[in-house]
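work-v9.cif (mmCIF, C-alpha atoms) appears below.
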```cif
data_upload
loop_
_atom_site.group_PDB
_atom_site.id
_atom_site.type_symbol
_atom_site.label_atom_id
_atom_site.label_comp_id
_atom_site.auth_asym_id
_atom_site.auth_seq_id
_atom_site.Cartn_x
_atom_site.Cartn_y
_atom_site.Cartn_z
ATOM 1 C CA MET A 1 -18.553 -17.023 6.901
ATOM 2 C CA GLN A 2 -20.281 -18.671 3.924
ATOM 3 C CA TRP A 3 -18.088 -20.512 1.444
ATOM 4 C CA ASP A 4 -18.957 -18.203 -1.471
ATOM 5 C CA THR A 5 -18.043 -15.116 0.564
ATOM 6 C CA ALA A 6 -14.802 -16.782 1.637
ATOM 7 C CA ALA A 7 -14.040 -17.614 -2.008
ATOM 8 C CA ILE A 8 -14.560 -13.987 -3.053
ATOM 9 C CA ILE A 9 -12.306 -12.690 -0.255
ATOM 10 C CA PHE A 10 -9.637 -15.290 -1.018
ATOM 11 C CA GLY A 11 -9.812 -14.399 -4.721
ATOM 12 C CA ALA A 12 -9.496 -10.677 -3.974
ATOM 13 C CA GLY A 13 -6.471 -11.392 -1.783
ATOM 14 C CA PHE A 14 -4.942 -13.606 -4.478
ATOM 15 C CA CYS A 15 -5.315 -10.929 -7.153
ATOM 16 C CA ALA A 16 -4.036 -8.212 -4.786
ATOM 17 C CA GLY A 17 -0.967 -10.296 -3.933
ATOM 18 C CA MET A 18 -0.310 -10.962 -7.602
ATOM 19 C CA ILE A 19 -0.649 -7.275 -8.527
ATOM 20 C CA ASN A 20 1.538 -6.131 -5.633
ATOM 21 C CA SER A 21 4.279 -8.565 -6.605
ATOM 22 C CA VAL A 22 5.093 -6.656 -9.790
ATOM 23 C CA ALA A 23 3.300 -3.331 -9.950
ATOM 24 C CA GLY A 24 1.631 -2.328 -6.682
ATOM 25 C CA GLY A 25 -1.946 -1.174 -6.265
ATOM 26 C CA GLY A 26 -3.475 -4.436 -5.049
ATOM 27 C CA THR A 27 -5.370 -2.575 -2.319
ATOM 28 C CA LEU A 28 -7.472 -0.997 -5.054
ATOM 29 C CA LEU A 29 -9.052 -4.437 -5.477
ATOM 30 C CA SER A 30 -8.937 -6.029 -2.026
ATOM 31 C CA PHE A 31 -10.280 -3.145 0.061
ATOM 32 C CA PRO A 32 -13.315 -2.250 -2.110
ATOM 33 C CA THR A 33 -14.197 -5.951 -2.276
ATOM 34 C CA LEU A 34 -14.669 -6.003 1.505
ATOM 35 C CA VAL A 35 -16.768 -2.839 1.310
ATOM 36 C CA TRP A 36 -18.916 -4.361 -1.440
ATOM 37 C CA LEU A 37 -19.507 -7.398 0.770
ATOM 38 C CA GLY A 38 -21.106 -5.095 3.318
ATOM 39 C CA ARG A 39 -18.218 -4.640 5.735
ATOM 40 C CA ASP A 40 -17.961 -1.336 7.576
ATOM 41 C CA PRO A 41 -15.413 0.740 5.601
ATOM 42 C CA ILE A 42 -13.186 1.421 8.620
ATOM 43 C CA LEU A 43 -13.179 -2.256 9.646
ATOM 44 C CA ALA A 44 -12.590 -3.216 6.004
ATOM 45 C CA ASN A 45 -9.615 -0.849 5.778
ATOM 46 C CA ALA A 46 -8.091 -2.161 9.015
ATOM 47 C CA THR A 47 -8.681 -5.772 7.985
ATOM 48 C CA ASN A 48 -7.164 -5.178 4.547
ATOM 49 C CA ALA A 49 -4.027 -3.613 6.054
ATOM 50 C CA VAL A 50 -3.452 -6.612 8.309
ATOM 51 C CA ALA A 51 -4.282 -9.155 5.597
ATOM 52 C CA LEU A 52 -1.750 -7.746 3.122
ATOM 53 C CA TRP A 53 1.013 -7.258 5.712
ATOM 54 C CA PRO A 54 2.514 -10.746 5.141
ATOM 55 C CA GLY A 55 3.002 -9.765 1.505
ATOM 56 C CA SER A 56 4.995 -6.687 2.541
ATOM 57 C CA LEU A 57 7.142 -8.837 4.812
ATOM 58 C CA ALA A 58 7.762 -11.386 2.054
ATOM 59 C CA ALA A 59 8.594 -8.644 -0.450
ATOM 60 C CA MET A 60 11.052 -7.057 1.967
ATOM 61 C CA PHE A 61 12.708 -10.437 2.509
ATOM 62 C CA GLY A 62 13.015 -10.856 -1.255
ATOM 63 C CA PHE A 63 14.941 -7.581 -1.562
ATOM 64 C CA ARG A 64 17.040 -8.079 1.588
ATOM 65 C CA HIS A 65 20.305 -8.374 -0.366
ATOM 66 C CA SER A 66 19.746 -4.891 -1.789
ATOM 67 C CA LEU A 67 19.675 -3.303 1.670
ATOM 68 C CA GLY A 68 23.306 -3.934 2.607
ATOM 69 C CA GLN A 69 24.416 -0.326 2.013
ATOM 70 C CA SER A 70 21.171 1.290 3.157
ATOM 71 C CA ARG A 71 21.571 1.510 6.938
ATOM 72 C CA ARG A 72 21.506 5.316 6.922
ATOM 73 C CA TRP A 73 18.238 5.428 4.984
ATOM 74 C CA LEU A 74 16.724 2.645 7.096
ATOM 75 C CA VAL A 75 17.349 4.583 10.293
ATOM 76 C CA LEU A 76 16.479 8.105 9.130
ATOM 77 C CA LEU A 77 13.301 7.171 7.236
ATOM 78 C CA GLY A 78 12.284 4.207 9.391
ATOM 79 C CA MET A 79 11.413 6.375 12.384
ATOM 80 C CA PRO A 80 9.018 8.729 10.537
ATOM 81 C CA SER A 81 7.465 5.616 8.953
ATOM 82 C CA VAL A 82 6.613 4.201 12.387
ATOM 83 C CA VAL A 83 5.455 7.530 13.841
ATOM 84 C CA GLY A 84 3.371 8.485 10.816
ATOM 85 C CA GLY A 85 1.818 5.026 10.527
ATOM 86 C CA LEU A 86 0.737 5.137 14.175
ATOM 87 C CA ILE A 87 -0.725 8.639 13.896
ATOM 88 C CA GLY A 88 -2.603 7.725 10.709
ATOM 89 C CA ALA A 89 -4.068 4.584 12.290
ATOM 90 C CA MET A 90 -5.153 6.526 15.372
ATOM 91 C CA LEU A 91 -6.813 9.149 13.166
ATOM 92 C CA LEU A 92 -8.686 6.397 11.326
ATOM 93 C CA MET A 93 -9.956 4.973 14.616
ATOM 94 C CA ARG A 94 -11.298 8.429 15.507
ATOM 95 C CA THR A 95 -13.023 8.960 12.161
ATOM 96 C CA PRO A 96 -16.794 8.281 12.111
ATOM 97 C CA SER A 97 -17.742 5.460 9.737
ATOM 98 C CA ARG A 98 -20.139 7.718 7.815
ATOM 99 C CA THR A 99 -17.404 10.300 7.228
ATOM 100 C CA PHE A 100 -14.919 7.663 6.097
ATOM 101 C CA SER A 101 -17.539 6.140 3.779
ATOM 102 C CA THR A 102 -17.945 9.548 2.145
ATOM 103 C CA ILE A 103 -14.232 10.068 1.463
ATOM 104 C CA VAL A 104 -13.381 6.456 0.507
ATOM 105 C CA PRO A 105 -14.206 6.817 -3.230
ATOM 106 C CA TRP A 106 -11.994 9.924 -3.398
ATOM 107 C CA LEU A 107 -9.145 8.157 -1.608
ATOM 108 C CA ILE A 108 -9.424 5.315 -4.133
ATOM 109 C CA LEU A 109 -9.377 7.833 -6.999
ATOM 110 C CA LEU A 110 -6.272 9.478 -5.521
ATOM 111 C CA ALA A 111 -4.482 6.147 -5.241
ATOM 112 C CA THR A 112 -5.565 5.224 -8.781
ATOM 113 C CA ALA A 113 -4.238 8.518 -10.142
ATOM 114 C CA LEU A 114 -0.901 7.954 -8.374
ATOM 115 C CA LEU A 115 -0.652 4.471 -9.846
ATOM 116 C CA ALA A 116 -1.476 5.744 -13.343
ATOM 117 C CA ALA A 117 1.115 8.537 -13.047
ATOM 118 C CA GLN A 118 3.863 6.370 -11.536
ATOM 119 C CA GLU A 119 6.152 6.385 -14.570
ATOM 120 C CA PRO A 120 5.789 10.131 -15.408
ATOM 121 C CA ILE A 121 6.434 10.984 -11.740
ATOM 122 C CA GLY A 122 9.541 8.795 -11.770
ATOM 123 C CA ARG A 123 10.853 10.415 -14.948
ATOM 124 C CA TRP A 124 10.244 13.897 -13.568
ATOM 125 C CA LEU A 125 12.081 13.155 -10.314
ATOM 126 C CA ARG A 126 15.020 11.494 -12.073
ATOM 127 C CA ARG A 127 15.846 14.806 -13.719
ATOM 128 C CA TYR A 128 17.147 16.013 -10.375
ATOM 129 C CA HIS A 129 19.596 13.175 -9.755
ATOM 130 C CA SER A 130 22.865 15.070 -9.652
ATOM 131 C CA GLY A 131 25.266 15.053 -6.739
ATOM 132 C CA PRO A 132 24.719 13.969 -3.128
ATOM 133 C CA PRO A 133 21.572 15.169 -1.308
ATOM 134 C CA SER A 134 21.950 18.270 0.858
ATOM 135 C CA ARG A 135 20.602 18.697 4.390
ATOM 136 C CA ARG A 136 17.582 20.431 2.916
ATOM 137 C CA TRP A 137 16.910 17.404 0.692
ATOM 138 C CA TRP A 138 17.248 15.105 3.704
ATOM 139 C CA ALA A 139 14.838 17.209 5.779
ATOM 140 C CA GLY A 140 12.381 17.323 2.894
ATOM 141 C CA ALA A 141 12.552 13.562 2.341
ATOM 142 C CA ILE A 142 12.062 12.801 6.061
ATOM 143 C CA PHE A 143 9.069 15.144 6.303
ATOM 144 C CA PHE A 144 7.588 13.745 3.091
ATOM 145 C CA GLN A 145 8.027 10.191 4.387
ATOM 146 C CA LEU A 146 6.222 11.183 7.600
ATOM 147 C CA LEU A 147 3.269 12.433 5.536
ATOM 148 C CA VAL A 148 3.324 9.278 3.397
ATOM 149 C CA ALA A 149 3.313 7.101 6.521
ATOM 150 C CA LEU A 150 0.454 9.106 8.026
ATOM 151 C CA TYR A 151 -1.572 8.572 4.854
ATOM 152 C CA GLY A 152 -0.513 4.916 4.819
ATOM 153 C CA GLY A 153 -1.685 4.331 8.377
ATOM 154 C CA TYR A 154 -4.975 6.014 7.545
ATOM 155 C CA PHE A 155 -5.697 4.370 4.185
ATOM 156 C CA GLY A 156 -2.667 2.779 2.540
ATOM 157 C CA ALA A 157 -3.341 2.487 -1.183
ATOM 158 C CA GLY A 158 -0.638 4.139 -3.287
ATOM 159 C CA ILE A 159 1.984 4.520 -0.557
ATOM 160 C CA GLY A 160 4.542 2.501 -2.521
ATOM 161 C CA ILE A 161 4.546 5.103 -5.280
ATOM 162 C CA MET A 162 4.780 7.914 -2.740
ATOM 163 C CA MET A 163 7.713 6.245 -0.980
ATOM 164 C CA LEU A 164 9.600 5.810 -4.243
ATOM 165 C CA ALA A 165 9.101 9.547 -4.754
ATOM 166 C CA ALA A 166 10.551 10.228 -1.275
ATOM 167 C CA LEU A 167 13.583 8.087 -2.090
ATOM 168 C CA SER A 168 13.989 9.925 -5.371
ATOM 169 C CA LEU A 169 14.296 13.143 -3.364
ATOM 170 C CA LEU A 170 17.449 11.567 -1.899
ATOM 171 C CA ARG A 171 18.637 10.892 -5.456
ATOM 172 C CA LEU A 172 18.722 7.126 -5.208
ATOM 173 C CA THR A 173 18.834 5.456 -8.610
ATOM 174 C CA ASP A 174 19.202 1.720 -7.880
ATOM 175 C CA ILE A 175 15.651 0.417 -8.372
ATOM 176 C CA TYR A 176 16.392 -2.762 -6.391
ATOM 177 C CA GLN A 177 17.687 -0.776 -3.437
ATOM 178 C CA MET A 178 14.704 1.580 -3.694
ATOM 179 C CA ASN A 179 12.242 -1.312 -3.776
ATOM 180 C CA GLY A 180 13.942 -2.932 -0.793
ATOM 181 C CA LEU A 181 13.693 0.294 1.204
ATOM 182 C CA LYS A 182 10.107 0.862 0.065
ATOM 183 C CA ASN A 183 9.092 -2.619 1.211
ATOM 184 C CA PHE A 184 10.834 -2.171 4.566
ATOM 185 C CA PHE A 185 9.120 1.166 5.233
ATOM 186 C CA GLY A 186 5.781 -0.266 4.069
ATOM 187 C CA MET A 187 6.210 -3.144 6.491
ATOM 188 C CA CYS A 188 6.919 -0.670 9.319
ATOM 189 C CA ILE A 189 3.835 1.392 8.493
ATOM 190 C CA ASN A 190 1.518 -1.601 8.192
ATOM 191 C CA ALA A 191 2.943 -3.311 11.289
ATOM 192 C CA VAL A 192 2.370 -0.378 13.623
ATOM 193 C CA ALA A 193 -1.003 0.435 12.032
ATOM 194 C CA GLY A 194 -2.057 -3.208 12.254
ATOM 195 C CA ALA A 195 -1.086 -3.325 15.929
ATOM 196 C CA CYS A 196 -3.188 -0.214 16.559
ATOM 197 C CA PHE A 197 -6.150 -1.720 14.689
ATOM 198 C CA ALA A 198 -5.844 -5.000 16.600
ATOM 199 C CA TRP A 199 -5.661 -3.164 19.929
ATOM 200 C CA SER A 200 -8.817 -1.225 18.973
ATOM 201 C CA GLY A 201 -10.682 -4.400 17.983
ATOM 202 C CA ALA A 202 -11.148 -3.117 14.427
ATOM 203 C CA ILE A 203 -10.051 -6.265 12.569
ATOM 204 C CA LEU A 204 -12.420 -8.856 11.116
ATOM 205 C CA TRP A 205 -10.119 -11.792 11.742
ATOM 206 C CA GLY A 206 -11.997 -14.321 9.613
ATOM 207 C CA ASP A 207 -11.770 -12.012 6.598
ATOM 208 C CA ALA A 208 -8.162 -11.090 7.427
ATOM 209 C CA VAL A 209 -6.942 -14.707 7.591
ATOM 210 C CA THR A 210 -8.794 -15.683 4.411
ATOM 211 C CA MET A 211 -7.475 -12.685 2.485
ATOM 212 C CA ALA A 212 -3.947 -13.167 3.828
ATOM 213 C CA MET A 213 -3.932 -16.758 2.564
ATOM 214 C CA GLY A 214 -5.056 -15.526 -0.835
ATOM 215 C CA ALA A 215 -2.443 -12.738 -0.857
ATOM 216 C CA ILE A 216 0.355 -15.179 -0.012
ATOM 217 C CA ALA A 217 -0.808 -17.566 -2.727
ATOM 218 C CA GLY A 218 -1.114 -14.708 -5.222
ATOM 219 C CA GLY A 219 2.254 -13.242 -4.365
ATOM 220 C CA TYR A 220 3.962 -16.610 -4.696
ATOM 221 C CA GLY A 221 1.947 -18.594 -7.211
ATOM 222 C CA GLY A 222 0.559 -15.725 -9.265
ATOM 223 C CA ALA A 223 3.764 -13.755 -9.573
ATOM 224 C CA GLY A 224 4.896 -15.752 -12.614
ATOM 225 C CA LEU A 225 1.664 -14.990 -14.467
ATOM 226 C CA ALA A 226 1.886 -11.333 -13.512
ATOM 227 C CA ARG A 227 5.502 -11.100 -14.688
ATOM 228 C CA LYS A 228 4.578 -12.659 -18.022
ATOM 229 C CA ALA A 229 1.937 -9.974 -18.497
ATOM 230 C CA GLY A 230 4.476 -7.302 -17.517
ATOM 231 C CA PRO A 231 4.324 -4.427 -15.024
ATOM 232 C CA LYS A 232 2.627 -2.060 -17.478
ATOM 233 C CA ALA A 233 -0.229 -4.459 -18.214
ATOM 234 C CA VAL A 234 -0.705 -5.289 -14.533
ATOM 235 C CA ARG A 235 -0.601 -1.605 -13.608
ATOM 236 C CA ALA A 236 -3.168 -0.814 -16.302
ATOM 237 C CA ALA A 237 -5.444 -3.546 -14.946
ATOM 238 C CA ALA A 238 -5.085 -2.155 -11.411
ATOM 239 C CA VAL A 239 -5.892 1.361 -12.633
ATOM 240 C CA PHE A 240 -8.983 0.059 -14.443
ATOM 241 C CA VAL A 241 -10.146 -1.792 -11.337
ATOM 242 C CA GLY A 242 -9.498 1.252 -9.138
ATOM 243 C CA LEU A 243 -11.520 3.536 -11.398
ATOM 244 C CA ALA A 244 -14.354 1.023 -11.636
ATOM 245 C CA MET A 245 -14.441 0.543 -7.864
ATOM 246 C CA ALA A 246 -14.368 4.278 -7.141
ATOM 247 C CA ILE A 247 -17.110 5.054 -9.662
ATOM 248 C CA SER A 248 -19.285 2.198 -8.456
ATOM 249 C CA LEU A 249 -18.948 3.343 -4.818
ATOM 250 C CA LEU A 250 -19.856 6.911 -5.827
ATOM 251 C CA ILE A 251 -22.922 5.644 -7.699
ATOM 252 C CA ARG A 252 -23.832 3.435 -4.781
ATOM 253 C CA ARG A 253 -23.705 6.393 -2.399
ATOM 254 C CA GLY A 254 -25.709 8.511 -4.791
#
```
When written as structure tokens, how does the structure in this file appear?
Amino acid sequence: MQWDTAAIIFGAGFCAGMINSVAGGGTLLSFPTLVWLGRDPILANATNAVALWPGSLAAMFGFRHSLGQSRRWLVLLGMPSVVGGLIGAMLLMRTPSRTFSTIVPWLILLATALLAAQEPIGRWLRRYHSGPPSRRWWAGAIFFQLLVALYGGYFGAGIGIMMLAALSLLRLTDIYQMNGLKNFFGMCINAVAGACFAWSGAILWGDAVTMAMGAIAGGYGGAGLARKAGPKAVRAAAVFVGLAMAISLLIRRG
């Protein structure tokens, strides 16, 4: 790998780690960067998932104290996270590169739209926080988490927002507890998907290591800068980048 390519990948990982530390949506920058550098989209997606996994692990560790009363949620939603992540990764490995290249811009647009609508979605779901969740709510949340994990194993961008929506179905209101659970489930999804990608030989390890180093540095060293800017500003920047990347990939295909 040439030094300038390595610098670009490290920088993309750094920015993704910084964005993920406060707002989420870092994949909207890191994944398209690999595609723009000429990597096969499926290999780029697998590599990106593995590269950003250490950030999910670190984030989960940071919220570990908020998980003390969450054993029931960890068990009931952890299993569909693992199963869905594995199924999604296996589907990705069976998708032709040309087909995935065609749908990638639309997946990026979907993730960008979810990121842009994060606060309105949260407000809408909070209207239904009244009383303990029924069995129907539990079944709905488990099924929704399975779908989120399947999407996460297949692509990944935007799953944090989807998982917060699933937790809102269970009428959780403690944002620290919700973030801790979200990070744990994200780690489960990315771990099983990453193992599947590694087994299939779909990871560009040089890119993955370089991006992971950038993501760790961004999540640790860039978090202070991101927090000063505030979640709304960081989220707006991620939405702008996502739109720009999606449009540029559509133009490039055209």
Expand the PyMOL selection byres ((chain A and resi 16) around 10) into the explicit residue set it covers here, and present it as an mmCIF file with C-alpha atoms, in the frame of the given file.
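Final file, part_0.cif:
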```cif
data_model
loop_
_atom_site.group_PDB
_atom_site.id
_atom_site.type_symbol
_atom_site.label_atom_id
_atom_site.label_comp_id
_atom_site.auth_asym_id
_atom_site.auth_seq_id
_atom_site.Cartn_x
_atom_site.Cartn_y
_atom_site.Cartn_z
ATOM 1 C CA PHE A 10 -9.637 -15.290 -1.018
ATOM 2 C CA GLY A 11 -9.812 -14.399 -4.721
ATOM 3 C CA ALA A 12 -9.496 -10.677 -3.974
ATOM 4 C CA GLY A 13 -6.471 -11.392 -1.783
ATOM 5 C CA PHE A 14 -4.942 -13.606 -4.478
ATOM 6 C CA CYS A 15 -5.315 -10.929 -7.153
ATOM 7 C CA GLY A 17 -0.967 -10.296 -3.933
ATOM 8 C CA MET A 18 -0.310 -10.962 -7.602
ATOM 9 C CA ILE A 19 -0.649 -7.275 -8.527
ATOM 10 C CA ASN A 20 1.538 -6.131 -5.633
ATOM 11 C CA SER A 21 4.279 -8.565 -6.605
ATOM 12 C CA GLY A 24 1.631 -2.328 -6.682
ATOM 13 C CA GLY A 25 -1.946 -1.174 -6.265
ATOM 14 C CA GLY A 26 -3.475 -4.436 -5.049
ATOM 15 C CA THR A 27 -5.370 -2.575 -2.319
ATOM 16 C CA LEU A 28 -7.472 -0.997 -5.054
ATOM 17 C CA LEU A 29 -9.052 -4.437 -5.477
ATOM 18 C CA SER A 30 -8.937 -6.029 -2.026
ATOM 19 C CA PHE A 31 -10.280 -3.145 0.061
ATOM 20 C CA LEU A 52 -1.750 -7.746 3.122
ATOM 21 C CA GLY A 55 3.002 -9.765 1.505
ATOM 22 C CA MET A 211 -7.475 -12.685 2.485
ATOM 23 C CA ALA A 212 -3.947 -13.167 3.828
ATOM 24 C CA GLY A 214 -5.056 -15.526 -0.835
ATOM 25 C CA ALA A 215 -2.443 -12.738 -0.857
ATOM 26 C CA ILE A 216 0.355 -15.179 -0.012
ATOM 27 C CA GLY A 218 -1.114 -14.708 -5.222
ATOM 28 C CA GLY A 219 2.254 -13.242 -4.365
ATOM 29 C CA GLY A 222 0.559 -15.725 -9.265
ATOM 30 C CA ALA A 238 -5.085 -2.155 -11.411
#
```
Applied to this file, what does the PyMOL selection byres ((chain A and resi 89) around 6) return in terms of residues, put as a ChimeraX atom specification? /A:86-88,90-92,153-154,193
Residue nearest A:Leu172 - candidates A:Ala237, A:Met213, A:Val75, A:Ala141, atoms counted: all atoms listed in the file: A:Ala141
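Of note, atom CA of A:Leu181 and atom CA of A:Ala195 are spaced 21.2 Å apart.
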Expand the PyMOL selection byres ((chain A and resi 37-49) around 8) into the individual residues it matches in the shown file, reporting them as a PyMOL selection string. chain A and resi 5+27+30-31+33-36+50-53+92-93+97+100-101+104+155-156+190+193-194+197+202-205+207-208+211
For the atom pair atom CA of A:Val82 and atom CA of A:Ala191, what is the interatomic distance in Å to one decimal place? 8.4 Å
Coordinates-based distance that separates atom CA of A:Met245 from atom CA of A:Thr102 (Å, one decimal):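 Going from atom CA of A:Thr102 over to atom CA of A:Met245 covers 13.9 Å.
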Using all atoms listed in the file, which of A:Leu74, A:Leu57, A:Val192, A:Leu146 sits nearest A:Met178?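 Looking at the shortest contact to A:Met178, the residue is A:Leu74.
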Of the candidates A:Leu164, A:Ala157, A:Met79, A:Ile189, which shows the shortest atom-to-atom distance to A:Pro105, using only C-alpha atoms?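 Nearest to A:Pro105: A:Ala157.
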Write a file for stretch 33-54 of chain A of the given structure; include N, CA and C atoms and format it as a CSV table (one decimal), in the first residue's frame.
```csv
chain,number,residue,atom,x,y,z
A,33,THR,N,-15.1,5.8,1.1
A,33,THR,CA,-13.7,6.1,0.9
A,33,THR,C,-13.0,4.9,0.3
A,34,LEU,N,-13.2,3.7,0.8
A,34,LEU,CA,-12.6,2.5,0.3
A,34,LEU,C,-13.1,2.2,-1.2
A,35,VAL,N,-14.4,2.4,-1.4
A,35,VAL,CA,-14.9,2.2,-2.7
A,35,VAL,C,-14.3,3.2,-3.7
A,36,TRP,N,-14.1,4.5,-3.3
A,36,TRP,CA,-13.5,5.5,-4.2
A,36,TRP,C,-12.0,5.2,-4.5
A,37,LEU,N,-11.4,4.4,-3.6
A,37,LEU,CA,-10.0,4.0,-3.8
A,37,LEU,C,-9.9,2.8,-4.7
A,38,GLY,N,-11.0,2.4,-5.2
A,38,GLY,CA,-11.0,1.3,-6.2
A,38,GLY,C,-11.2,-0.1,-5.6
A,39,ARG,N,-11.5,-0.2,-4.3
A,39,ARG,CA,-11.8,-1.5,-3.7
A,39,ARG,C,-13.1,-2.0,-4.2
A,40,ASP,N,-13.2,-3.4,-4.3
A,40,ASP,CA,-14.5,-4.0,-4.6
A,40,ASP,C,-15.5,-3.7,-3.5
A,41,PRO,N,-16.7,-3.3,-3.9
A,41,PRO,CA,-17.6,-2.8,-2.8
A,41,PRO,C,-17.9,-3.9,-1.7
A,42,ILE,N,-18.0,-5.1,-2.1
A,42,ILE,CA,-18.2,-6.2,-1.1
A,42,ILE,C,-17.0,-6.3,-0.2
A,43,LEU,N,-15.8,-6.3,-0.7
A,43,LEU,CA,-14.6,-6.4,0.1
A,43,LEU,C,-14.5,-5.1,0.9
A,44,ALA,N,-14.8,-4.0,0.4
A,44,ALA,CA,-14.8,-2.7,1.1
A,44,ALA,C,-15.7,-2.7,2.3
A,45,ASN,N,-16.9,-3.3,2.1
A,45,ASN,CA,-17.9,-3.3,3.2
A,45,ASN,C,-17.5,-4.3,4.3
A,46,ALA,N,-16.9,-5.4,3.9
A,46,ALA,CA,-16.4,-6.4,4.9
A,46,ALA,C,-15.3,-5.8,5.6
A,47,THR,N,-14.4,-5.2,4.9
A,47,THR,CA,-13.2,-4.6,5.6
A,47,THR,C,-13.6,-3.5,6.5
A,48,ASN,N,-14.5,-2.6,6.1
A,48,ASN,CA,-15.0,-1.5,6.9
A,48,ASN,C,-15.6,-2.0,8.2
A,49,ALA,N,-16.4,-3.1,8.1
A,49,ALA,CA,-17.1,-3.7,9.3
A,49,ALA,C,-16.0,-4.2,10.3
A,50,VAL,N,-15.0,-4.8,9.9
A,50,VAL,CA,-13.9,-5.3,10.8
A,50,VAL,C,-13.1,-4.2,11.3
A,51,ALA,N,-12.8,-3.2,10.5
A,51,ALA,CA,-12.0,-2.1,10.9
A,51,ALA,C,-12.6,-1.2,12.0
A,52,LEU,N,-14.0,-1.1,12.0
A,52,LEU,CA,-14.7,-0.2,13.0
A,52,LEU,C,-15.1,-1.0,14.2
A,53,TRP,N,-14.9,-2.4,14.2
A,53,TRP,CA,-15.3,-3.2,15.3
A,53,TRP,C,-14.7,-2.8,16.6
A,54,PRO,N,-13.4,-2.5,16.6
A,54,PRO,CA,-12.7,-2.1,17.9
A,54,PRO,C,-13.4,-0.9,18.5
```
